[in-house]
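Structure file my_file36.txt; described as compact mmCIF, C-alpha atoms.
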# COMPACT_ATOMS: atom_id res chain seq x y z
CA MET A 1 113.11 79.38 86.08
CA ARG A 2 114.05 83.02 86.11
CA GLU A 3 112.51 84.59 89.21
CA LYS A 4 112.72 88.21 88.14
CA GLU A 5 109.98 89.81 90.27
CA GLU A 6 109.04 93.01 88.55
CA LEU A 7 108.22 95.56 91.22
CA VAL A 8 106.91 98.09 88.73
CA MET A 9 104.62 100.66 90.29
CA VAL A 10 102.25 102.35 87.90
CA THR A 11 99.85 105.26 88.23
CA PRO A 12 96.57 105.98 86.43
CA GLY A 13 97.17 107.02 82.84
CA GLU A 14 100.52 105.30 82.44
CA VAL A 15 101.06 103.33 79.27
CA LEU A 16 101.29 99.60 79.92
CA GLY A 17 101.68 98.44 76.34
CA LYS A 18 99.99 98.09 72.99
CA ALA A 19 96.55 96.50 72.70
CA SER A 20 97.92 94.21 69.99
CA GLU A 21 100.28 92.61 72.51
CA LEU A 22 98.37 92.81 75.78
CA LYS A 23 94.85 92.28 77.06
CA ALA A 24 93.55 94.70 79.67
CA GLY A 25 92.65 92.99 82.96
CA ARG A 26 91.54 94.53 86.21
CA GLY A 27 93.04 97.95 86.83
CA ALA A 28 93.78 98.61 83.16
CA TYR A 29 91.78 99.78 80.15
CA VAL A 30 92.20 100.06 76.39
CA ALA A 31 91.97 103.45 74.72
CA THR A 32 90.33 102.80 71.37
CA HIS A 33 91.69 105.84 69.57
CA ASN A 34 95.31 104.73 69.69
CA ASN A 35 94.99 101.04 70.69
CA THR A 36 97.09 101.41 73.80
CA VAL A 37 96.59 99.77 77.19
CA TYR A 38 96.71 102.27 80.07
CA ALA A 39 96.65 101.71 83.84
CA SER A 40 93.62 102.93 85.77
CA LEU A 41 94.85 102.29 89.32
CA THR A 42 97.91 103.09 91.42
CA GLY A 43 99.73 99.90 92.23
CA ARG A 44 101.82 97.03 91.05
CA ARG A 45 101.66 95.80 87.48
CA SER A 46 101.49 92.07 86.86
CA LEU A 47 101.27 89.99 83.71
CA ASN A 48 99.27 86.76 83.42
CA PRO A 49 100.53 84.42 82.17
CA PRO A 50 104.10 85.56 82.77
CA PRO A 51 106.17 85.77 79.59
CA SER A 52 107.85 82.41 79.34
CA ASP A 53 111.19 81.77 77.69
CA SER A 54 110.89 78.07 76.90
CA PRO A 55 109.09 77.50 73.60
CA ASP A 56 107.61 74.14 74.56
CA LYS A 57 105.51 75.46 77.46
CA VAL A 58 101.77 75.07 76.83
CA PRO A 59 99.92 78.41 76.99
CA PRO A 60 97.06 78.12 79.57
CA PRO A 61 93.92 79.26 77.68
CA SER A 62 94.51 76.91 74.82
CA ASP A 63 91.09 77.02 73.20
CA SER A 64 91.10 80.71 72.30
CA PRO A 65 93.17 81.93 69.37
CA ASP A 66 94.01 84.99 71.48
CA LYS A 67 97.37 84.24 73.10
CA ARG A 68 98.03 87.70 74.47
CA PRO A 69 98.96 87.88 78.16
CA THR A 70 96.63 89.87 80.40
CA VAL A 71 98.06 92.82 82.27
CA GLU A 72 96.56 93.70 85.66
CA VAL A 73 97.22 96.37 88.22
CA THR A 74 96.69 95.49 91.87
CA GLY A 75 95.98 98.48 94.10
CA HIS A 76 98.52 99.19 96.80
CA LYS A 77 95.92 99.83 99.49
CA ALA A 78 93.92 97.06 101.08
CA HIS A 79 90.25 97.71 100.60
CA GLY A 80 87.34 96.58 102.71
CA ALA A 81 85.47 93.77 101.02
CA VAL A 82 82.56 94.79 98.77
CA PRO A 83 79.91 92.30 97.60
CA VAL A 84 80.22 91.52 93.91
CA PRO A 85 77.66 89.49 91.89
CA GLY A 86 78.71 85.87 92.04
CA SER A 87 80.61 86.01 95.32
CA ILE A 88 79.72 83.84 98.31
CA VAL A 89 78.80 85.78 101.43
CA ILE A 90 77.96 85.03 105.05
CA ALA A 91 74.92 86.95 106.28
CA ARG A 92 72.79 87.09 109.40
CA VAL A 93 69.03 86.96 108.86
CA ALA A 94 67.41 90.04 110.33
CA LYS A 95 63.77 89.80 109.26
CA VAL A 96 61.66 87.03 107.83
CA MET A 97 58.59 88.21 105.94
CA ALA A 98 55.93 86.54 103.82
CA ARG A 99 57.80 86.68 100.53
CA MET A 100 61.37 87.56 101.44
CA ALA A 101 63.94 87.53 104.17
CA SER A 102 66.30 90.40 104.78
CA ALA A 103 69.83 89.72 105.93
CA ASP A 104 72.88 91.77 106.94
CA ILE A 105 75.96 90.77 104.97
CA MET A 106 78.87 90.24 107.35
CA CYS A 107 81.61 88.58 105.28
CA VAL A 108 82.39 88.48 101.58
CA GLY A 109 84.39 85.38 100.75
CA SER A 110 86.75 85.06 103.69
CA LYS A 111 87.06 88.78 104.50
CA SER A 112 84.72 90.59 106.85
CA VAL A 113 83.14 93.79 105.61
CA ARG A 114 83.93 97.16 107.11
CA GLU A 115 80.42 98.54 106.73
CA LYS A 116 77.01 96.99 106.82
CA PHE A 117 75.51 95.84 103.54
CA SER A 118 71.87 94.82 103.27
CA GLY A 119 70.76 91.78 101.35
CA ILE A 120 67.38 90.30 100.47
CA ILE A 121 66.60 86.64 99.87
CA ARG A 122 63.39 86.39 97.87
CA HIS A 123 61.16 83.35 98.31
CA GLN A 124 61.94 82.08 94.81
CA ASP A 125 65.68 82.19 95.48
CA ILE A 126 65.72 80.10 98.64
CA ARG A 127 65.99 76.73 96.98
CA ALA A 128 66.32 75.27 93.50
CA THR A 129 63.36 72.83 93.51
CA GLU A 130 59.64 73.40 94.12
CA ILE A 131 60.09 77.11 94.53
CA ASP A 132 56.36 77.80 94.59
CA LYS A 133 55.87 75.66 97.70
CA VAL A 134 58.46 77.40 99.85
CA ASP A 135 57.49 78.35 103.40
CA MET A 136 59.69 81.21 104.61
CA HIS A 137 59.46 80.28 108.27
CA SER A 138 60.59 76.71 107.64
CA SER A 139 63.64 77.98 105.81
CA PHE A 140 65.01 80.82 107.93
CA ARG A 141 64.44 82.41 111.29
CA PRO A 142 65.75 85.77 112.52
CA GLY A 143 69.26 85.37 113.88
CA ASP A 144 70.32 82.50 111.61
CA ILE A 145 73.70 82.66 109.97
CA VAL A 146 73.40 81.76 106.29
CA ARG A 147 75.84 81.25 103.47
CA ALA A 148 74.44 82.78 100.28
CA SER A 149 75.62 83.95 96.89
CA ILE A 150 75.08 87.42 95.46
CA LEU A 151 72.65 87.28 92.53
CA SER A 152 72.88 90.92 91.55
CA LEU A 153 73.37 94.46 92.81
CA GLY A 154 69.64 94.57 93.47
CA ASP A 155 68.05 97.94 94.06
CA ALA A 156 68.99 101.02 96.00
CA ARG A 157 68.26 99.39 99.34
CA ALA A 158 69.68 95.86 99.19
CA TYR A 159 71.62 93.27 97.26
CA TYR A 160 69.72 90.22 95.99
CA LEU A 161 70.99 86.98 97.56
CA SER A 162 70.30 83.37 96.71
CA THR A 163 70.61 80.13 98.68
CA ALA A 164 69.44 77.92 95.82
CA LYS A 165 72.31 75.45 95.95
CA ASN A 166 73.19 72.49 98.15
CA GLU A 167 76.15 74.16 99.78
CA LEU A 168 74.21 77.38 100.49
CA GLY A 169 71.74 77.92 103.31
CA VAL A 170 71.73 78.03 107.08
CA VAL A 171 75.16 77.34 108.52
CA SER A 172 74.47 78.01 112.17
CA ALA A 173 71.24 78.64 114.08
CA GLU A 174 70.07 78.94 117.65
CA SER A 175 67.09 76.95 118.90
CA THR A 176 64.28 78.51 120.91
CA ALA A 177 65.96 77.08 124.01
CA GLY A 178 69.12 79.06 123.25
CA ALA A 179 71.54 76.33 122.19
CA THR A 180 73.36 76.02 118.87
CA MET A 181 71.50 73.45 116.80
CA VAL A 182 72.97 70.44 115.05
CA PRO A 183 71.94 69.79 111.41
CA ILE A 184 70.38 66.39 110.86
CA SER A 185 69.17 66.65 107.24
CA TRP A 186 68.65 69.08 104.36
CA THR A 187 65.63 70.54 106.03
CA GLU A 188 65.98 69.91 109.75
CA MET A 189 68.15 70.92 112.67
CA GLN A 190 67.96 69.57 116.21
CA CYS A 191 68.56 71.31 119.52
CA PRO A 192 71.08 69.35 121.64
CA LEU A 193 69.51 70.47 124.93
CA THR A 194 65.82 69.77 124.38
CA GLY A 195 65.88 67.40 121.39
CA GLN A 196 63.43 69.62 119.56
CA ILE A 197 63.62 69.50 115.77
CA GLU A 198 63.28 72.76 113.86
CA GLN A 199 62.96 73.25 110.12
CA ARG A 200 65.59 75.18 108.20
CA LYS A 201 67.11 75.21 104.70
CA VAL A 202 70.42 73.69 105.78
CA ALA A 203 73.70 74.19 103.92
CA LYS A 204 75.77 71.13 103.06
CA VAL A 205 79.11 71.67 104.75
CA MET B 1 68.15 107.33 97.22
CA MET B 2 68.07 106.37 93.55
CA TYR B 3 69.70 103.24 92.25
CA SER B 4 72.28 104.09 89.64
CA ASP B 5 74.01 101.83 87.14
CA VAL B 6 77.08 104.00 87.20
CA GLY B 7 78.97 105.52 90.09
CA ARG B 8 78.26 109.05 91.22
CA LEU B 9 80.65 111.79 92.19
CA ASN B 10 79.87 114.29 94.92
CA CYS B 11 82.22 117.25 95.40
CA ASN B 12 82.35 119.90 98.06
CA VAL B 13 84.83 122.77 98.37
CA SER B 14 84.77 124.95 101.47
CA TYR B 15 86.98 127.56 103.07
CA THR B 16 87.77 127.94 106.74
CA ASN B 17 87.13 131.29 108.40
CA PHE B 18 90.84 131.95 108.70
CA ALA B 19 91.78 130.94 105.15
CA THR B 20 91.72 134.44 103.68
CA PRO B 21 93.50 137.56 105.04
CA VAL B 22 90.09 139.07 105.71
CA ARG B 23 88.13 136.83 108.04
CA GLY B 24 85.03 135.30 106.57
CA GLN B 25 83.84 133.16 103.65
CA GLY B 26 85.59 133.51 100.29
CA SER B 27 83.56 134.98 97.48
CA ASP B 28 83.47 132.35 94.72
CA ASN B 29 83.49 129.11 96.60
CA LYS B 30 79.89 128.17 95.91
CA GLU B 31 80.85 127.65 92.29
CA PHE B 32 84.08 125.87 93.13
CA SER B 33 82.26 122.68 94.09
CA SER B 34 80.59 122.38 90.71
CA ILE B 35 83.81 123.36 88.91
CA LEU B 36 85.66 120.63 90.78
CA HIS B 37 82.92 118.18 89.86
CA LYS B 38 83.17 119.04 86.16
CA ALA B 39 86.95 118.78 86.25
CA LEU B 40 86.99 115.33 87.84
CA GLU B 41 84.01 113.58 86.29
CA GLY B 42 85.68 113.21 82.91
CA ALA B 43 88.62 111.39 84.42
CA ILE B 44 86.90 108.88 86.71
CA ILE B 45 85.70 105.55 85.30
CA LEU B 46 82.20 105.73 86.76
CA ASP B 47 81.10 102.37 85.30
CA SER B 48 83.53 100.59 87.57
CA PHE B 49 81.53 101.24 90.72
CA PRO B 50 77.76 100.99 90.24
CA LYS B 51 75.44 101.70 93.18
CA THR B 52 78.25 103.71 94.82
CA THR B 53 79.01 107.38 95.41
CA VAL B 54 82.49 108.84 95.73
CA ASP B 55 82.61 111.90 97.98
CA VAL B 56 85.40 114.41 97.50
CA PHE B 57 85.70 117.02 100.25
CA ALA B 58 88.18 119.88 99.92
CA LEU B 59 88.77 122.18 102.87
CA VAL B 60 91.05 125.14 102.16
CA LEU B 61 93.01 126.00 105.27
CA GLU B 62 95.09 128.83 103.84
CA SER B 63 94.26 130.52 100.56
CA GLY B 64 97.33 131.92 98.83
CA GLY B 65 95.90 132.52 95.39
CA SER B 66 95.31 130.13 92.50
CA ASP B 67 93.24 127.98 94.84
CA LEU B 68 91.09 126.06 92.42
CA PRO B 69 93.89 124.48 90.36
CA VAL B 70 95.50 123.30 93.57
CA VAL B 71 92.22 121.85 94.82
CA ILE B 72 91.67 120.00 91.55
CA SER B 73 95.17 118.53 91.39
CA CYS B 74 95.07 117.44 95.02
CA ALA B 75 91.63 115.90 94.64
CA SER B 76 92.87 113.83 91.70
CA LEU B 77 95.90 112.67 93.71
CA ALA B 78 93.62 111.67 96.58
CA LEU B 79 91.38 109.69 94.25
CA ALA B 80 94.35 107.91 92.68
CA ASP B 81 95.76 107.09 96.11
CA ALA B 82 92.40 105.80 97.31
CA GLY B 83 92.19 103.31 94.47
CA ILE B 84 89.35 104.83 92.45
CA MET B 85 89.73 103.77 88.82
CA MET B 86 90.59 106.71 86.63
CA TYR B 87 91.46 107.21 82.98
CA ASP B 88 94.36 109.46 84.00
CA LEU B 89 95.53 111.87 86.67
CA VAL B 90 94.13 115.39 86.44
CA ALA B 91 96.61 118.26 86.63
CA SER B 92 95.50 121.85 86.74
CA VAL B 93 97.33 125.16 86.32
CA SER B 94 96.15 128.75 86.09
CA VAL B 95 97.77 131.73 84.39
CA SER B 96 97.12 135.40 85.06
CA CYS B 97 97.51 138.16 82.50
CA LEU B 98 98.96 141.34 83.99
CA GLY B 99 99.31 143.86 81.20
CA LYS B 100 101.82 142.28 78.87
CA ASN B 101 103.04 139.67 81.31
CA LEU B 102 101.80 136.19 81.91
CA VAL B 103 102.20 134.82 85.41
CA ILE B 104 101.73 131.14 86.23
CA ASP B 105 100.24 130.24 89.61
CA PRO B 106 99.55 133.80 90.73
CA ILE B 107 99.40 134.69 94.40
CA SER B 108 96.39 136.50 95.83
CA GLU B 109 97.96 139.92 95.34
CA GLU B 110 98.78 139.24 91.68
CA GLU B 111 95.27 137.87 91.19
CA SER B 112 93.74 141.07 92.45
CA TYR B 113 95.65 143.09 89.82
CA GLN B 114 95.08 140.70 86.94
CA ASP B 115 93.43 141.67 83.65
CA GLY B 116 92.36 138.15 82.95
CA SER B 117 92.88 134.58 84.09
CA LEU B 118 92.97 131.28 82.31
CA MET B 119 92.73 127.92 84.05
CA ILE B 120 93.34 124.64 82.28
CA THR B 121 92.61 121.21 83.70
CA CYS B 122 94.05 118.42 81.65
CA MET B 123 94.95 114.75 81.71
CA PRO B 124 98.68 114.90 80.91
CA SER B 125 99.32 111.37 79.75
CA ARG B 126 96.33 111.24 77.41
CA ASN B 127 96.76 114.85 76.27
CA GLU B 128 93.12 115.65 76.84
CA ILE B 129 91.70 118.78 78.45
CA THR B 130 88.80 118.24 80.82
CA GLN B 131 88.10 121.87 81.58
CA LEU B 132 89.10 125.34 80.38
CA THR B 133 88.06 128.53 82.16
CA ILE B 134 88.88 132.00 80.84
CA THR B 135 87.86 135.23 82.53
CA GLY B 136 88.72 138.85 81.86
CA GLU B 137 90.40 140.58 78.96
CA TRP B 138 92.50 138.56 76.50
CA SER B 139 93.84 139.01 73.01
CA THR B 140 94.04 135.95 70.78
CA PRO B 141 97.86 135.66 70.63
CA LYS B 142 97.97 136.03 74.40
CA ILE B 143 95.49 133.21 74.76
CA HIS B 144 97.64 130.96 72.56
CA GLU B 145 100.71 131.77 74.59
CA ALA B 146 98.92 131.22 77.88
CA MET B 147 97.57 127.87 76.75
CA GLU B 148 101.02 126.67 75.70
CA LEU B 149 102.39 127.74 79.07
CA CYS B 150 99.60 125.99 80.93
CA LEU B 151 99.82 122.73 79.02
CA ASP B 152 103.57 122.60 79.50
CA ALA B 153 103.17 123.29 83.21
CA CYS B 154 100.46 120.63 83.46
CA SER B 155 102.67 117.95 81.98
CA LYS B 156 105.48 118.85 84.39
CA LEU B 157 103.03 118.83 87.27
CA GLY B 158 101.76 115.46 86.09
CA LYS B 159 105.25 113.98 86.33
CA ILE B 160 105.67 115.27 89.87
CA MET B 161 102.26 113.89 90.84
CA ARG B 162 103.16 110.47 89.50
CA SER B 163 106.46 110.31 91.32
CA CYS B 164 104.73 111.30 94.57
CA LEU B 165 102.14 108.54 94.13
CA LYS B 166 104.78 105.94 93.36
CA GLU B 167 106.84 106.97 96.35
CA THR B 168 103.88 106.66 98.71
CA ALA B 169 102.78 103.38 97.17
CA SER B 170 106.23 101.82 97.47
CA ALA B 171 106.61 103.08 101.03
CA SER B 172 103.30 101.59 102.07
CA GLN B 173 104.16 98.26 100.46
CA GLU B 174 107.19 97.68 102.68
Can you dump the structure from the file as structure tokens?
Amino acid sequence: MREKEELVMVTPGEVLGKASELKAGRGAYVATHNNTVYASLTGRRSLNPPPSDSPDKVPPPSDSPDKRPTVEVTGHKAHGAVPVPGSIVIARVAKVMARMASADIMCVGSKSVREKFSGIIRHQDIRATEIDKVDMHSSFRPGDIVRASILSLGDARAYYLSTAKNELGVVSAESTAGATMVPISWTEMQCPLTGQIEQRKVAKV
Amino acid sequence: MMYSDVGRLNCNVSYTNFATPVRGQGSDNKEFSSILHKALEGAIILDSFPKTTVDVFALVLESGGSDLPVVISCASLALADAGIMMYDLVASVSVSCLGKNLVIDPISEEESYQDGSLMITCMPSRNEITQLTITGEWSTPKIHEAMELCLDACSKLGKIMRSCLKETASASQE
């Protein structure tokens, strides 16, 4: 296979190709008046899937009639992680109230964030079943570390988070005695020092 | 703080005390912030960053004339380097009319004697003008000539801006 790594740097406004041959991915856009794909970021241009020379290679998205490769531009600077709807985040619960819990988002995916982002978990987003019978204090306590997914950008103050899946929920929590608790079921965690069982919405690890 | 579906741009242009030969604040710089805003907002893809504000701060350390075009071009370079999605770079050039002569990028002394000035801010690769400012006394053929000069200078400036960005980007990659 020809390993010709194209180290092509592009800048915003540079022509990447014609819209009839390329699809615009992240970092590129299509100008409708002349059907050309331009770059919108400074960085390295990459084509997915790479143009293959062998005719018998199966093109990856086989169900769509659109066989154009997608061109993307990856920025040259590393950015701090920003929560995006659909991403999985790790957050620390700050406040638990009657109908919602507020949490500080600490990591997006596997990267930690550079600045604090606020998130809210509403009572109907804590779990998938029996959402009208949810008790906030048996799901989260202040100080718990939870894994959640971003539902939406929310409002001006906070992102909306959800733990309504098996693998989402409390990942680590401290008992009232001060020790890190061990999960024993979907809804319970036990303190190793005192043996006390506390209720949480536990994430399946 | 209002939630906004699109990104917002916040611009501020200020002068230091020692920027001008005469100590003290420059005369027009209150308007410069809004002029910079109008020049840049057409080029930035605001839909790409909802619930976010981009702040552009320009501090002029030494004013040598033709300040605003320089501020606009530098701001656009900074935005491109920072990774803000833009339709194109923004290059800006100003021309002064001194009697029968046209002078590109006038210095402060030439600006003080000018009969009129014309500033064009354009996106060179897309051939679109985002802002045009004319002040003073101009005849129509002079305006045509000045605009041709400016657009040509903008496209040359655009090429230099791109090569600078690519150089920095390649250097930071290694």
Problem set entry | Test item: chain B residues at most 10 Å from chain A, counting all atoms listed in the file, as number ranges by chain | B: 1-5, 43-45, 48, 50-52, 77, 79-90, 123-126, 161-163, 165-173
Problem set entry | Residue among B:Ser33, B:Ser63, B:Ser76, B:Thr121 lying closest to Ser94 of chain B, counting all atoms listed in the file |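 Of B:Ser33, B:Ser63, B:Ser76, B:Thr121, the one nearest Ser94 of chain B, counting all atoms listed in the file, is B:Thr121.
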For this session: Identify, on the basis of all atoms listed in the file, every residue whose closest approach to Ser108 of chain B does not exceed 9 Å; exclude the query and any residue fewer than 2 positions from it along the same chain; express the result as an MDAnalysis selection string.
Result: chainID B and resid 63:66 106 110:113
Problem set entry | Atomic separation - atom CA of Phe49 of chain B relative to atom CA of Arg114 of chain A, Å |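 Interatomic distance here is 17.1 Å.
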For this session: Between atom CA of Ile104 of chain B and atom CA of Lys159 of chain B, measure the distance and give it in Å to one decimal.
Result: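 Taking atom CA of Ile104 of chain B as the start and atom CA of Lys159 of chain B as the end point, the length is 17.5 Å.
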For this session: Record the distance separating atom CA of Cys11 of chain B and atom CA of Pro69 of chain B, expressed in Å with one decimal.
Result: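 These atoms are spaced 14.6 Å apart.
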For this session: Quick one: residues within 7 Å of (101.3, 117.9, 86.5) (file frame), counting all atoms listed in the file, please, as a PyMOL selection string.
Result: chain B and resi 91+124+153-161
For this session: Tell me, as a VMD selection string, which residues lie within 12 Å of Gly136 of chain B, counting only C-alpha atoms; anything in the same chain fewer than 4 positions away does not count.
Result: chain B and resid 95 to 99 111 to 119 143
For this session: Counting all atoms listed in the file, figure out which residue out of A:Tyr159, A:Glu72, A:Cys191, A:Gly178 gets nearest to Ile105 of chain A.
Result: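 Nearest to Ile105 of chain A: A:Tyr159.
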Exercise. Could you tell me, as a list in words, which residues have any atom at most 12 Å from (77.5, 81.4, 94.6), counting all atoms listed in the file?
Worked result: Pro83, Val84, Pro85, Gly86, Ser87, Ile88, Val89, Ile90, Val108, Gly109, Asp125, Arg147, Ala148, Ser149, Ile150, Leu151, Ser152, Tyr160, Leu161, Ser162, Thr163, Ala164, Lys165, Asn166, Glu167, Leu168 and Gly169 of chain A
For this session: Excluding segment 199-204 of chain A and residues on its chain fewer than 4 positions from it, collect all residues at most 10 Å away from it, counting only C-alpha atoms, and give them as a PyMOL selection string.
Result: chain A and resi 126-127+135-141+144+146-148+163-173+183-190
Exercise. Which residues, written as a VMD selection string, have at least one atom at most 8 Å from Ala58 of chain B, with all atoms listed in the file counted and residues fewer than 4 positions away on the same chain left out?
Worked result: chain B and resid 11 to 14 71 75
